[in-house]
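Listing of model01.cif; format and content: mmCIF, C-alpha atoms.
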data_entry
loop_
_atom_site.label_atom_id
_atom_site.label_comp_id
_atom_site.auth_asym_id
_atom_site.auth_seq_id
_atom_site.Cartn_x
_atom_site.Cartn_y
_atom_site.Cartn_z
CA MET A 1 116.76 219.88 98.77
CA PRO A 2 113.55 218.41 100.25
CA GLN A 3 113.42 214.93 101.73
CA PRO A 4 112.35 212.30 99.18
CA LYS A 5 108.86 210.83 99.51
CA LEU A 6 108.73 207.50 101.32
CA TYR A 7 105.34 206.51 99.97
CA LYS A 8 104.19 207.07 96.43
CA SER A 9 100.51 206.39 97.18
CA LYS A 10 97.98 206.25 100.00
CA LYS A 11 97.88 202.47 99.68
CA ALA A 12 101.65 202.19 100.23
CA ARG A 13 101.38 204.40 103.32
CA LYS A 14 98.50 202.26 104.65
CA LEU A 15 100.44 199.01 104.09
CA ALA A 16 103.49 200.44 105.85
CA ASN A 17 101.35 201.52 108.83
CA GLN A 18 99.77 198.07 109.02
CA ALA A 19 103.19 196.37 109.00
CA LYS A 20 104.43 198.74 111.73
CA SER A 21 101.33 198.08 113.85
CA LYS A 22 101.75 194.33 113.43
CA ARG A 23 105.41 194.48 114.49
CA HIS A 24 104.49 196.59 117.52
CA HIS A 25 101.66 194.24 118.51
CA GLU A 26 103.86 191.15 118.15
CA SER A 27 106.69 192.69 120.16
CA ARG A 28 104.38 193.69 123.04
CA ASN A 29 102.40 190.42 123.10
CA LYS A 30 105.20 188.02 122.20
CA ALA A 31 104.67 185.68 125.18
CA SER A 32 100.93 185.18 124.63
CA ILE A 33 101.37 184.76 120.86
CA ASN A 34 104.06 182.11 121.37
CA ALA A 35 101.91 180.34 124.00
CA LYS A 36 99.02 180.15 121.51
CA ARG A 37 101.35 178.84 118.80
CA ARG A 38 102.75 176.17 121.14
CA GLU A 39 99.24 175.09 122.12
CA ARG A 40 98.14 174.91 118.45
CA TYR A 41 101.27 172.90 117.59
CA ARG A 42 100.69 170.51 120.51
CA GLU A 43 97.07 169.93 119.42
CA GLN A 44 98.11 169.27 115.81
CA ARG A 45 100.82 166.86 116.90
CA GLU A 46 98.43 164.94 119.16
CA SER A 47 95.84 164.67 116.39
CA THR A 48 98.42 163.36 113.89
CA GLU A 49 99.69 160.82 116.44
CA LYS A 50 96.12 159.61 117.01
CA ALA A 51 95.64 159.33 113.25
CA LYS A 52 98.84 157.27 112.93
CA ILE A 53 97.69 154.96 115.71
CA ARG A 54 94.35 154.46 113.93
CA LYS A 55 96.13 153.73 110.63
CA THR A 56 98.51 151.16 112.06
CA GLY A 57 95.70 149.39 113.90
CA LEU A 58 97.19 149.89 117.35
CA ALA A 59 94.00 151.48 118.61
CA GLY A 60 92.30 148.16 119.30
CA ASN A 61 90.06 145.76 117.42
CA HIS A 62 89.99 146.05 113.62
CA SER A 63 86.30 145.20 113.48
CA ASP A 64 85.28 148.52 114.99
CA LYS A 65 86.80 150.66 112.26
CA GLU A 66 85.45 154.11 111.74
CA PRO A 67 83.31 154.65 108.63
CA GLY A 68 85.97 156.74 106.85
CA SER A 69 88.88 154.39 107.56
CA ALA A 70 88.74 152.74 104.11
CA LEU A 71 89.00 156.19 102.57
CA ALA A 72 91.92 157.02 104.88
CA GLU A 73 93.73 153.84 103.80
CA ASP A 74 93.17 154.73 100.14
CA GLN A 75 94.67 158.16 100.78
CA HIS A 76 97.52 156.48 102.66
CA THR A 77 98.40 154.20 99.74
CA ARG A 78 97.92 157.01 97.20
CA HIS A 79 100.24 159.24 99.21
CA ALA A 80 102.90 156.50 99.34
CA ARG A 81 102.57 155.86 95.60
CA LEU A 82 103.00 159.56 94.79
CA TRP A 83 106.17 159.81 96.88
CA LEU A 84 107.53 156.66 95.24
CA GLU A 85 106.78 158.02 91.75
CA ARG A 86 108.59 161.25 92.60
CA ALA A 87 111.61 159.31 93.90
CA THR A 88 111.61 157.10 90.80
CA ARG A 89 111.74 160.17 88.55
CA VAL A 90 114.75 161.54 90.46
CA HIS A 91 116.42 158.11 90.43
CA ASN A 92 115.87 157.78 86.67
CA ARG A 93 117.57 161.15 86.15
CA PHE A 94 120.46 159.89 88.29
CA LEU A 95 120.71 156.71 86.18
CA ALA A 96 120.64 158.75 82.97
CA TYR A 97 123.41 160.98 84.33
CA ILE A 98 125.67 158.01 85.12
CA GLN A 99 124.50 156.27 81.92
CA ASP A 100 123.15 153.26 83.88
CA ASN A 101 126.62 152.08 84.91
CA ALA A 102 128.21 153.53 88.05
CA VAL A 103 131.58 151.83 87.54
CA GLN A 104 131.94 153.06 83.96
CA PHE A 105 130.86 156.53 85.14
CA MET A 106 133.74 156.48 87.63
CA HIS A 107 136.20 155.29 84.99
CA ARG A 108 135.17 158.22 82.77
CA ALA A 109 135.53 160.65 85.69
CA CYS A 110 139.03 159.39 86.53
CA ARG A 111 140.17 159.41 82.91
CA ASP A 112 138.87 162.97 82.51
CA TYR A 113 140.83 164.04 85.60
CA LEU A 114 144.01 162.30 84.45
CA GLN A 115 143.78 163.91 81.00
CA LEU A 116 142.73 167.42 82.05
CA LYS A 117 144.60 167.49 85.40
CA THR A 118 141.87 169.62 86.98
CA SER A 119 139.71 168.58 89.90
CA SER A 120 136.64 170.19 88.32
CA SER A 121 135.86 166.96 86.45
CA ILE A 122 135.40 165.21 89.81
CA LEU A 123 133.92 168.09 91.80
CA GLU A 124 131.24 168.91 89.22
CA ARG A 125 130.09 165.30 89.16
CA GLU A 126 130.10 165.22 92.95
CA LYS A 127 127.94 168.37 93.07
CA VAL A 128 125.35 166.96 90.64
CA LEU A 129 125.15 163.65 92.51
CA GLY A 130 124.86 165.56 95.78
CA GLU A 131 121.70 167.25 94.46
CA TYR A 132 120.19 163.89 93.49
CA HIS A 133 121.09 162.52 96.92
CA LEU A 134 119.52 165.51 98.67
CA SER A 135 116.27 165.16 96.70
CA LEU A 136 116.00 161.44 97.37
CA THR A 137 116.83 161.90 101.06
CA ARG A 138 114.07 164.49 101.43
CA ILE A 139 111.56 162.14 99.82
CA HIS A 140 112.81 159.27 102.00
CA ASN A 141 112.37 161.37 105.14
CA SER A 142 108.93 162.59 104.05
CA ILE A 143 107.72 159.03 103.56
CA TYR A 144 109.01 158.05 106.99
CA GLU A 145 107.48 161.09 108.71
CA SER A 146 104.06 160.68 107.14
CA LEU A 147 103.73 156.91 106.73
CA GLY A 148 106.41 155.23 108.85
CA ILE A 149 108.42 152.28 107.62
CA VAL A 150 106.55 150.88 104.61
CA LYS A 151 107.73 149.13 101.45
CA GLU A 152 107.97 152.49 99.63
CA HIS A 153 110.30 153.74 102.38
CA GLN A 154 112.55 150.71 101.82
CA ALA A 155 112.53 151.18 98.03
CA VAL A 156 113.55 154.85 98.26
CA GLY A 157 116.18 153.90 100.86
CA ASP A 158 117.77 151.58 98.28
CA MET A 159 117.85 154.45 95.77
CA VAL A 160 119.48 156.75 98.35
CA ASN A 161 122.14 154.13 99.12
CA GLN A 162 122.94 153.66 95.45
CA VAL A 163 123.57 157.40 94.96
CA LYS A 164 125.49 157.58 98.25
CA GLU A 165 127.82 154.78 97.12
CA VAL A 166 128.80 156.62 93.92
CA ILE A 167 129.32 159.85 95.90
CA GLY A 168 131.62 157.91 98.25
CA TRP A 169 133.69 156.75 95.28
CA LEU A 170 133.97 160.32 93.99
CA GLU A 171 134.97 161.55 97.45
CA GLU A 172 137.73 158.93 97.60
CA VAL A 173 139.16 160.25 94.33
CA ALA A 174 138.73 163.86 95.53
CA CYS A 175 140.76 163.04 98.68
CA LEU A 176 143.55 161.59 96.56
CA ILE A 177 143.49 164.72 94.40
CA LEU A 178 144.22 166.76 97.51
CA CYS A 179 147.34 164.67 98.02
CA ASP A 180 148.80 164.64 94.54
CA TYR A 181 148.04 163.99 90.88
CA ASN A 182 150.45 161.05 90.93
CA GLU A 183 148.53 159.46 93.84
CA VAL A 184 145.39 159.35 91.71
CA ARG A 185 147.23 158.07 88.66
CA SER A 186 149.01 155.37 90.66
CA ALA A 187 145.87 154.20 92.47
CA TYR A 188 143.86 154.17 89.25
CA HIS A 189 146.45 152.18 87.27
CA LYS A 190 146.90 149.71 90.14
CA ALA A 191 143.10 149.29 90.34
CA ALA A 192 143.29 150.19 94.03
CA LEU A 193 140.30 152.52 94.07
CA GLU A 194 137.11 151.28 95.75
CA PHE A 195 134.96 151.31 92.61
CA GLN A 196 137.58 149.25 90.79
CA LYS A 197 137.20 146.47 93.35
CA ARG A 198 133.50 146.25 92.50
CA ARG A 199 132.69 143.71 89.81
#
Is it possible to express this structure as C-alpha coordinates?
Amino acid sequence: MPQPKLYKSKKARKLANQAKSKRHHESRNKASINAKRRERYREQRESTEKAKIRKTGLAGNHSDKEPGSALAEDQHTRHARLWLERATRVHNRFLAYIQDNAVQFMHRACRDYLQLKTSSSILEREKVLGEYHLSLTRIHNSIYESLGIVKEHQAVGDMVNQVKEVIGWLEEVACLILCDYNEVRSAYHKAALEFQKRR
(Lines of atoms letter the chains of each structure in order from A and count residues from 1; the text may use other names and numbers.)
(Lines give C-alpha, C1' and ligand atoms only; values in the text may rest on other atoms or scores of the structure.)
Protein backbone atom coordinates (compact mmCIF):
# COMPACT_ATOMS: atom_id res chain seq x y z
CA MET A 1 0.00 0.00 0.00
CA PRO A 2 1.50 3.40 -0.95
CA GLN A 3 2.25 6.07 1.63
CA PRO A 4 -0.65 8.51 2.09
CA LYS A 5 -0.25 12.02 0.69
CA LEU A 6 0.86 14.60 3.24
CA TYR A 7 -0.29 17.59 1.22
CA LYS A 8 -3.50 17.75 -0.73
CA SER A 9 -2.52 20.86 -2.70
CA LYS A 10 0.47 22.93 -3.78
CA LYS A 11 -0.59 25.66 -1.37
CA ALA A 12 -0.52 23.25 1.59
CA ARG A 13 2.97 22.09 0.58
CA LYS A 14 4.14 25.72 0.28
CA LEU A 15 2.73 26.63 3.72
CA ALA A 16 4.41 23.60 5.29
CA ASN A 17 7.76 24.54 3.70
CA GLN A 18 7.42 28.11 4.95
CA ALA A 19 6.69 26.92 8.50
CA LYS A 20 9.69 24.56 8.37
CA SER A 21 11.96 27.34 7.09
CA LYS A 22 10.75 29.69 9.82
CA ARG A 23 11.42 27.09 12.54
CA HIS A 24 14.89 26.44 11.12
CA HIS A 25 15.69 30.17 10.93
CA GLU A 26 14.48 30.80 14.48
CA SER A 27 16.45 27.86 15.88
CA ARG A 28 19.70 28.96 14.19
CA ASN A 29 19.31 32.68 15.02
CA LYS A 30 17.66 32.36 18.42
CA ALA A 31 20.14 34.60 20.27
CA SER A 32 19.91 37.53 17.85
CA ILE A 33 16.11 37.27 17.62
CA ASN A 34 15.78 37.30 21.42
CA ALA A 35 18.21 40.24 21.67
CA LYS A 36 16.06 42.23 19.22
CA ARG A 37 12.91 41.34 21.15
CA ARG A 38 14.51 42.42 24.45
CA GLU A 39 15.61 45.72 22.92
CA ARG A 40 12.13 46.36 21.47
CA TYR A 41 10.55 45.53 24.84
CA ARG A 42 12.97 47.84 26.68
CA GLU A 43 12.18 50.71 24.29
CA GLN A 44 8.42 50.20 24.68
CA ARG A 45 8.71 50.09 28.46
CA GLU A 46 10.79 53.28 28.55
CA SER A 47 8.31 55.10 26.30
CA THR A 48 5.33 54.04 28.47
CA GLU A 49 7.17 55.14 31.63
CA LYS A 50 7.87 58.54 30.05
CA ALA A 51 4.20 58.81 29.09
CA LYS A 52 3.13 58.01 32.67
CA ILE A 53 5.50 60.65 34.02
CA ARG A 54 4.02 63.22 31.62
CA LYS A 55 0.47 62.26 32.64
CA THR A 56 1.09 62.52 36.36
CA GLY A 57 2.83 65.88 35.98
CA LEU A 58 6.13 64.72 37.45
CA ALA A 59 8.02 65.91 34.38
CA GLY A 60 8.20 69.50 35.58
CA ASN A 61 6.13 72.65 35.21
CA HIS A 62 2.49 72.23 34.15
CA SER A 63 2.58 75.41 32.09
CA ASP A 64 4.83 73.86 29.45
CA LYS A 65 2.43 71.09 28.49
CA GLU A 66 2.77 69.55 25.10
CA PRO A 67 0.08 70.45 22.55
CA GLY A 68 -1.53 66.98 22.63
CA SER A 69 -1.61 66.66 26.42
CA ALA A 70 -5.28 67.68 26.69
CA LEU A 71 -6.12 64.95 24.21
CA ALA A 72 -4.01 62.47 26.21
CA GLU A 73 -5.90 63.39 29.40
CA ASP A 74 -9.23 62.89 27.61
CA GLN A 75 -8.08 59.45 26.49
CA HIS A 76 -6.88 58.78 30.04
CA THR A 77 -10.28 59.58 31.57
CA ARG A 78 -12.14 57.75 28.79
CA HIS A 79 -9.99 54.67 29.35
CA ALA A 80 -10.70 54.77 33.11
CA ARG A 81 -14.43 55.20 32.50
CA LEU A 82 -14.52 52.21 30.12
CA TRP A 83 -12.78 49.95 32.65
CA LEU A 84 -15.15 51.12 35.38
CA GLU A 85 -18.20 50.44 33.18
CA ARG A 86 -16.91 46.94 32.46
CA ALA A 87 -16.35 46.30 36.18
CA THR A 88 -19.81 47.65 37.00
CA ARG A 89 -21.41 45.22 34.53
CA VAL A 90 -19.59 42.27 36.15
CA HIS A 91 -20.50 43.53 39.63
CA ASN A 92 -24.16 43.89 38.65
CA ARG A 93 -24.17 40.27 37.46
CA PHE A 94 -22.65 39.29 40.81
CA LEU A 95 -25.37 41.22 42.68
CA ALA A 96 -28.08 39.60 40.55
CA TYR A 97 -26.60 36.17 41.30
CA ILE A 98 -26.67 36.75 45.07
CA GLN A 99 -30.01 38.59 44.73
CA ASP A 100 -28.56 41.80 46.23
CA ASN A 101 -28.16 40.28 49.70
CA ALA A 102 -24.99 38.36 50.52
CA VAL A 103 -26.19 37.17 53.94
CA GLN A 104 -29.47 35.79 52.58
CA PHE A 105 -27.51 34.17 49.74
CA MET A 106 -25.39 32.36 52.35
CA HIS A 107 -28.47 31.30 54.31
CA ARG A 108 -29.93 29.78 51.12
CA ALA A 109 -26.64 28.01 50.38
CA CYS A 110 -26.44 26.51 53.88
CA ARG A 111 -30.10 25.45 53.89
CA ASP A 112 -29.62 23.80 50.48
CA TYR A 113 -26.62 21.88 51.81
CA LEU A 114 -28.42 20.81 54.97
CA GLN A 115 -31.43 19.59 52.98
CA LEU A 116 -29.59 17.90 50.10
CA LYS A 117 -26.52 16.78 52.10
CA THR A 118 -24.26 17.29 49.08
CA SER A 119 -21.39 19.74 48.88
CA SER A 120 -22.28 20.64 45.29
CA SER A 121 -24.66 23.35 46.51
CA ILE A 122 -21.69 25.15 48.10
CA LEU A 123 -19.02 24.28 45.54
CA GLU A 124 -21.09 25.40 42.54
CA ARG A 125 -21.75 28.76 44.15
CA GLU A 126 -18.07 29.08 45.03
CA LYS A 127 -17.09 28.36 41.41
CA VAL A 128 -19.46 31.01 40.00
CA LEU A 129 -18.29 33.62 42.50
CA GLY A 130 -14.69 32.70 41.71
CA GLU A 131 -15.29 33.63 38.07
CA TYR A 132 -16.75 37.00 39.05
CA HIS A 133 -13.78 37.58 41.35
CA LEU A 134 -11.31 36.68 38.61
CA SER A 135 -12.96 39.07 36.12
CA LEU A 136 -13.02 41.94 38.59
CA THR A 137 -9.42 41.30 39.67
CA ARG A 138 -8.25 41.41 36.05
CA ILE A 139 -10.02 44.73 35.52
CA HIS A 140 -8.61 46.04 38.81
CA ASN A 141 -5.07 45.08 37.76
CA SER A 142 -5.53 46.54 34.27
CA ILE A 143 -6.59 49.88 35.71
CA TYR A 144 -3.59 49.91 38.03
CA GLU A 145 -1.14 48.94 35.27
CA SER A 146 -2.38 51.53 32.80
CA LEU A 147 -3.50 54.41 35.02
CA GLY A 148 -2.06 53.87 38.50
CA ILE A 149 -4.07 54.48 41.64
CA VAL A 150 -7.08 56.56 40.62
CA LYS A 151 -10.64 56.76 41.94
CA GLU A 152 -11.75 54.09 39.46
CA HIS A 153 -9.08 51.75 40.86
CA GLN A 154 -10.47 52.29 44.36
CA ALA A 155 -14.07 51.70 43.21
CA VAL A 156 -13.21 48.40 41.50
CA GLY A 157 -11.15 47.42 44.56
CA ASP A 158 -14.30 47.77 46.69
CA MET A 159 -16.18 45.50 44.27
CA VAL A 160 -13.38 42.90 44.42
CA ASN A 161 -13.44 42.96 48.23
CA GLN A 162 -17.20 42.48 48.32
CA VAL A 163 -16.98 39.35 46.14
CA LYS A 164 -13.95 38.10 48.08
CA GLU A 165 -15.87 38.38 51.37
CA VAL A 166 -18.71 36.15 50.13
CA ILE A 167 -16.20 33.64 48.74
CA GLY A 168 -14.54 33.57 52.18
CA TRP A 169 -17.88 32.74 53.79
CA LEU A 170 -18.45 29.91 51.30
CA GLU A 171 -14.95 28.58 51.92
CA GLU A 172 -15.62 28.52 55.67
CA VAL A 173 -18.70 26.35 55.08
CA ALA A 174 -16.76 24.17 52.60
CA CYS A 175 -14.07 23.55 55.26
CA LEU A 176 -16.72 22.48 57.76
CA ILE A 177 -18.19 20.15 55.13
CA LEU A 178 -14.83 18.41 54.94
CA CYS A 179 -15.08 17.74 58.67
CA ASP A 180 -18.64 16.49 58.96
CA TYR A 181 -22.25 17.24 58.07
CA ASN A 182 -23.05 17.64 61.77
CA GLU A 183 -20.34 20.31 62.11
CA VAL A 184 -22.09 22.45 59.51
CA ARG A 185 -25.52 21.85 61.01
CA SER A 186 -24.30 22.66 64.52
CA ALA A 187 -22.44 25.82 63.49
CA TYR A 188 -25.36 27.02 61.39
CA HIS A 189 -27.97 26.49 64.13
CA LYS A 190 -25.72 28.12 66.74
CA ALA A 191 -25.21 31.10 64.39
CA ALA A 192 -21.45 30.58 64.71
CA LEU A 193 -20.62 31.03 61.03
CA GLU A 194 -18.89 34.26 59.99
CA PHE A 195 -21.72 35.53 57.77
CA GLN A 196 -24.19 35.03 60.61
CA LYS A 197 -22.21 37.44 62.78
CA ARG A 198 -22.68 40.13 60.13
CA ARG A 199 -25.73 42.32 60.69
Selected residue of minimal separation from His107 of chain A among A:Leu147, A:Val166, A:Met1, A:Leu15, counting only C-alpha atoms:
A:Val166
Nearest candidate to Asp100 of chain A (options A:Tyr181, A:Tyr144, A:Lys190, A:Gln162; using all atoms listed in the file):
A:Gln162
How far is it from atom CA of Ala109 of chain A to atom CA of Leu176 of chain A, in Å with one decimal?
13.5 Å
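Here atom CA of Val150 of chain A and atom CA of Glu49 of chain A stand 16.9 Å from one another.
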Can you list what the PyMOL selection byres ((chain A and resi 76-83) around 12) grabs from this structure, as an mmCIF file with C-alpha atoms, keeping the file's coordinate frame?
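File part_8.cif, as written:
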data_model
loop_
_atom_site.group_PDB
_atom_site.id
_atom_site.type_symbol
_atom_site.label_atom_id
_atom_site.label_comp_id
_atom_site.auth_asym_id
_atom_site.auth_seq_id
_atom_site.Cartn_x
_atom_site.Cartn_y
_atom_site.Cartn_z
ATOM 1 C CA ALA A 51 95.640 159.330 113.250
ATOM 2 C CA LYS A 52 98.840 157.270 112.930
ATOM 3 C CA ARG A 54 94.350 154.460 113.930
ATOM 4 C CA LYS A 55 96.130 153.730 110.630
ATOM 5 C CA THR A 56 98.510 151.160 112.060
ATOM 6 C CA SER A 69 88.880 154.390 107.560
ATOM 7 C CA ALA A 70 88.740 152.740 104.110
ATOM 8 C CA LEU A 71 89.000 156.190 102.570
ATOM 9 C CA ALA A 72 91.920 157.020 104.880
ATOM 10 C CA GLU A 73 93.730 153.840 103.800
ATOM 11 C CA ASP A 74 93.170 154.730 100.140
ATOM 12 C CA GLN A 75 94.670 158.160 100.780
ATOM 13 C CA LEU A 84 107.530 156.660 95.240
ATOM 14 C CA GLU A 85 106.780 158.020 91.750
ATOM 15 C CA ARG A 86 108.590 161.250 92.600
ATOM 16 C CA ALA A 87 111.610 159.310 93.900
ATOM 17 C CA THR A 88 111.610 157.100 90.800
ATOM 18 C CA ARG A 89 111.740 160.170 88.550
ATOM 19 C CA VAL A 90 114.750 161.540 90.460
ATOM 20 C CA SER A 135 116.270 165.160 96.700
ATOM 21 C CA LEU A 136 116.000 161.440 97.370
ATOM 22 C CA THR A 137 116.830 161.900 101.060
ATOM 23 C CA ARG A 138 114.070 164.490 101.430
ATOM 24 C CA ILE A 139 111.560 162.140 99.820
ATOM 25 C CA HIS A 140 112.810 159.270 102.000
ATOM 26 C CA ASN A 141 112.370 161.370 105.140
ATOM 27 C CA SER A 142 108.930 162.590 104.050
ATOM 28 C CA ILE A 143 107.720 159.030 103.560
ATOM 29 C CA TYR A 144 109.010 158.050 106.990
ATOM 30 C CA GLU A 145 107.480 161.090 108.710
ATOM 31 C CA SER A 146 104.060 160.680 107.140
ATOM 32 C CA LEU A 147 103.730 156.910 106.730
ATOM 33 C CA GLY A 148 106.410 155.230 108.850
ATOM 34 C CA ILE A 149 108.420 152.280 107.620
ATOM 35 C CA VAL A 150 106.550 150.880 104.610
ATOM 36 C CA LYS A 151 107.730 149.130 101.450
ATOM 37 C CA GLU A 152 107.970 152.490 99.630
ATOM 38 C CA HIS A 153 110.300 153.740 102.380
ATOM 39 C CA GLN A 154 112.550 150.710 101.820
ATOM 40 C CA ALA A 155 112.530 151.180 98.030
ATOM 41 C CA VAL A 156 113.550 154.850 98.260
#
Write only N, CA and C atoms for segment 4-36 of chain A from the block just shown, as a short mmCIF file (atom, residue, chain, number, x, y, z; two decimals), in the first residue's frame.
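File produced: selection.cif:
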data_model
loop_
_atom_site.label_atom_id
_atom_site.label_comp_id
_atom_site.auth_asym_id
_atom_site.auth_seq_id
_atom_site.Cartn_x
_atom_site.Cartn_y
_atom_site.Cartn_z
N PRO A 4 0.38 7.50 2.34
CA PRO A 4 -0.65 8.51 2.09
C PRO A 4 -0.03 9.88 1.81
N LYS A 5 -0.75 10.69 1.03
CA LYS A 5 -0.25 12.02 0.69
C LYS A 5 -0.28 12.92 1.92
N LEU A 6 0.81 13.64 2.13
CA LEU A 6 0.86 14.60 3.24
C LEU A 6 0.13 15.88 2.88
N TYR A 7 0.26 16.30 1.63
CA TYR A 7 -0.29 17.59 1.22
C TYR A 7 -1.29 17.37 0.10
N LYS A 8 -2.45 17.93 0.26
CA LYS A 8 -3.50 17.75 -0.73
C LYS A 8 -3.37 18.73 -1.90
N SER A 9 -2.65 19.86 -1.65
CA SER A 9 -2.52 20.86 -2.70
C SER A 9 -1.12 21.49 -2.67
N LYS A 10 -0.82 22.24 -3.73
CA LYS A 10 0.47 22.93 -3.78
C LYS A 10 0.56 24.00 -2.70
N LYS A 11 -0.57 24.62 -2.39
CA LYS A 11 -0.59 25.66 -1.37
C LYS A 11 -0.26 25.08 0.01
N ALA A 12 -0.80 23.90 0.31
CA ALA A 12 -0.52 23.25 1.59
C ALA A 12 0.96 22.90 1.69
N ARG A 13 1.54 22.42 0.59
CA ARG A 13 2.97 22.09 0.58
C ARG A 13 3.81 23.36 0.81
N LYS A 14 3.41 24.46 0.14
CA LYS A 14 4.14 25.72 0.28
C LYS A 14 4.07 26.23 1.71
N LEU A 15 2.88 26.17 2.33
CA LEU A 15 2.73 26.63 3.72
C LEU A 15 3.57 25.78 4.67
N ALA A 16 3.62 24.48 4.44
CA ALA A 16 4.41 23.60 5.29
C ALA A 16 5.90 23.91 5.16
N ASN A 17 6.35 24.18 3.92
CA ASN A 17 7.76 24.54 3.70
C ASN A 17 8.10 25.86 4.36
N GLN A 18 7.18 26.83 4.30
CA GLN A 18 7.42 28.11 4.95
C GLN A 18 7.54 27.95 6.46
N ALA A 19 6.66 27.15 7.05
CA ALA A 19 6.69 26.92 8.50
C ALA A 19 8.00 26.24 8.89
N LYS A 20 8.43 25.25 8.09
CA LYS A 20 9.69 24.56 8.37
C LYS A 20 10.87 25.52 8.27
N SER A 21 10.87 26.37 7.26
CA SER A 21 11.96 27.34 7.09
C SER A 21 11.99 28.32 8.26
N LYS A 22 10.82 28.76 8.70
CA LYS A 22 10.75 29.69 9.82
C LYS A 22 11.30 29.05 11.09
N ARG A 23 10.90 27.79 11.34
CA ARG A 23 11.42 27.09 12.54
C ARG A 23 12.94 26.96 12.46
N HIS A 24 13.45 26.61 11.30
CA HIS A 24 14.89 26.44 11.12
C HIS A 24 15.62 27.77 11.35
N HIS A 25 15.08 28.85 10.77
CA HIS A 25 15.69 30.17 10.93
C HIS A 25 15.70 30.59 12.39
N GLU A 26 14.57 30.39 13.09
CA GLU A 26 14.48 30.80 14.48
C GLU A 26 15.39 29.96 15.38
N SER A 27 15.57 28.69 15.05
CA SER A 27 16.45 27.86 15.88
C SER A 27 17.92 28.23 15.68
N ARG A 28 18.30 28.61 14.46
CA ARG A 28 19.70 28.96 14.19
C ARG A 28 20.04 30.36 14.68
N ASN A 29 19.06 31.28 14.67
CA ASN A 29 19.31 32.68 15.02
C ASN A 29 18.59 33.08 16.30
N LYS A 30 18.43 32.14 17.21
CA LYS A 30 17.66 32.36 18.42
C LYS A 30 18.21 33.52 19.25
N ALA A 31 19.52 33.57 19.43
CA ALA A 31 20.14 34.60 20.27
C ALA A 31 19.90 36.00 19.71
N SER A 32 20.10 36.19 18.42
CA SER A 32 19.91 37.53 17.85
C SER A 32 18.43 37.93 17.84
N ILE A 33 17.55 36.97 17.61
CA ILE A 33 16.11 37.27 17.62
C ILE A 33 15.68 37.69 19.02
N ASN A 34 16.13 36.94 20.04
CA ASN A 34 15.78 37.30 21.42
C ASN A 34 16.37 38.64 21.82
N ALA A 35 17.59 38.95 21.36
CA ALA A 35 18.21 40.24 21.67
C ALA A 35 17.38 41.38 21.08
N LYS A 36 16.90 41.21 19.84
CA LYS A 36 16.06 42.23 19.22
C LYS A 36 14.74 42.38 19.97
#
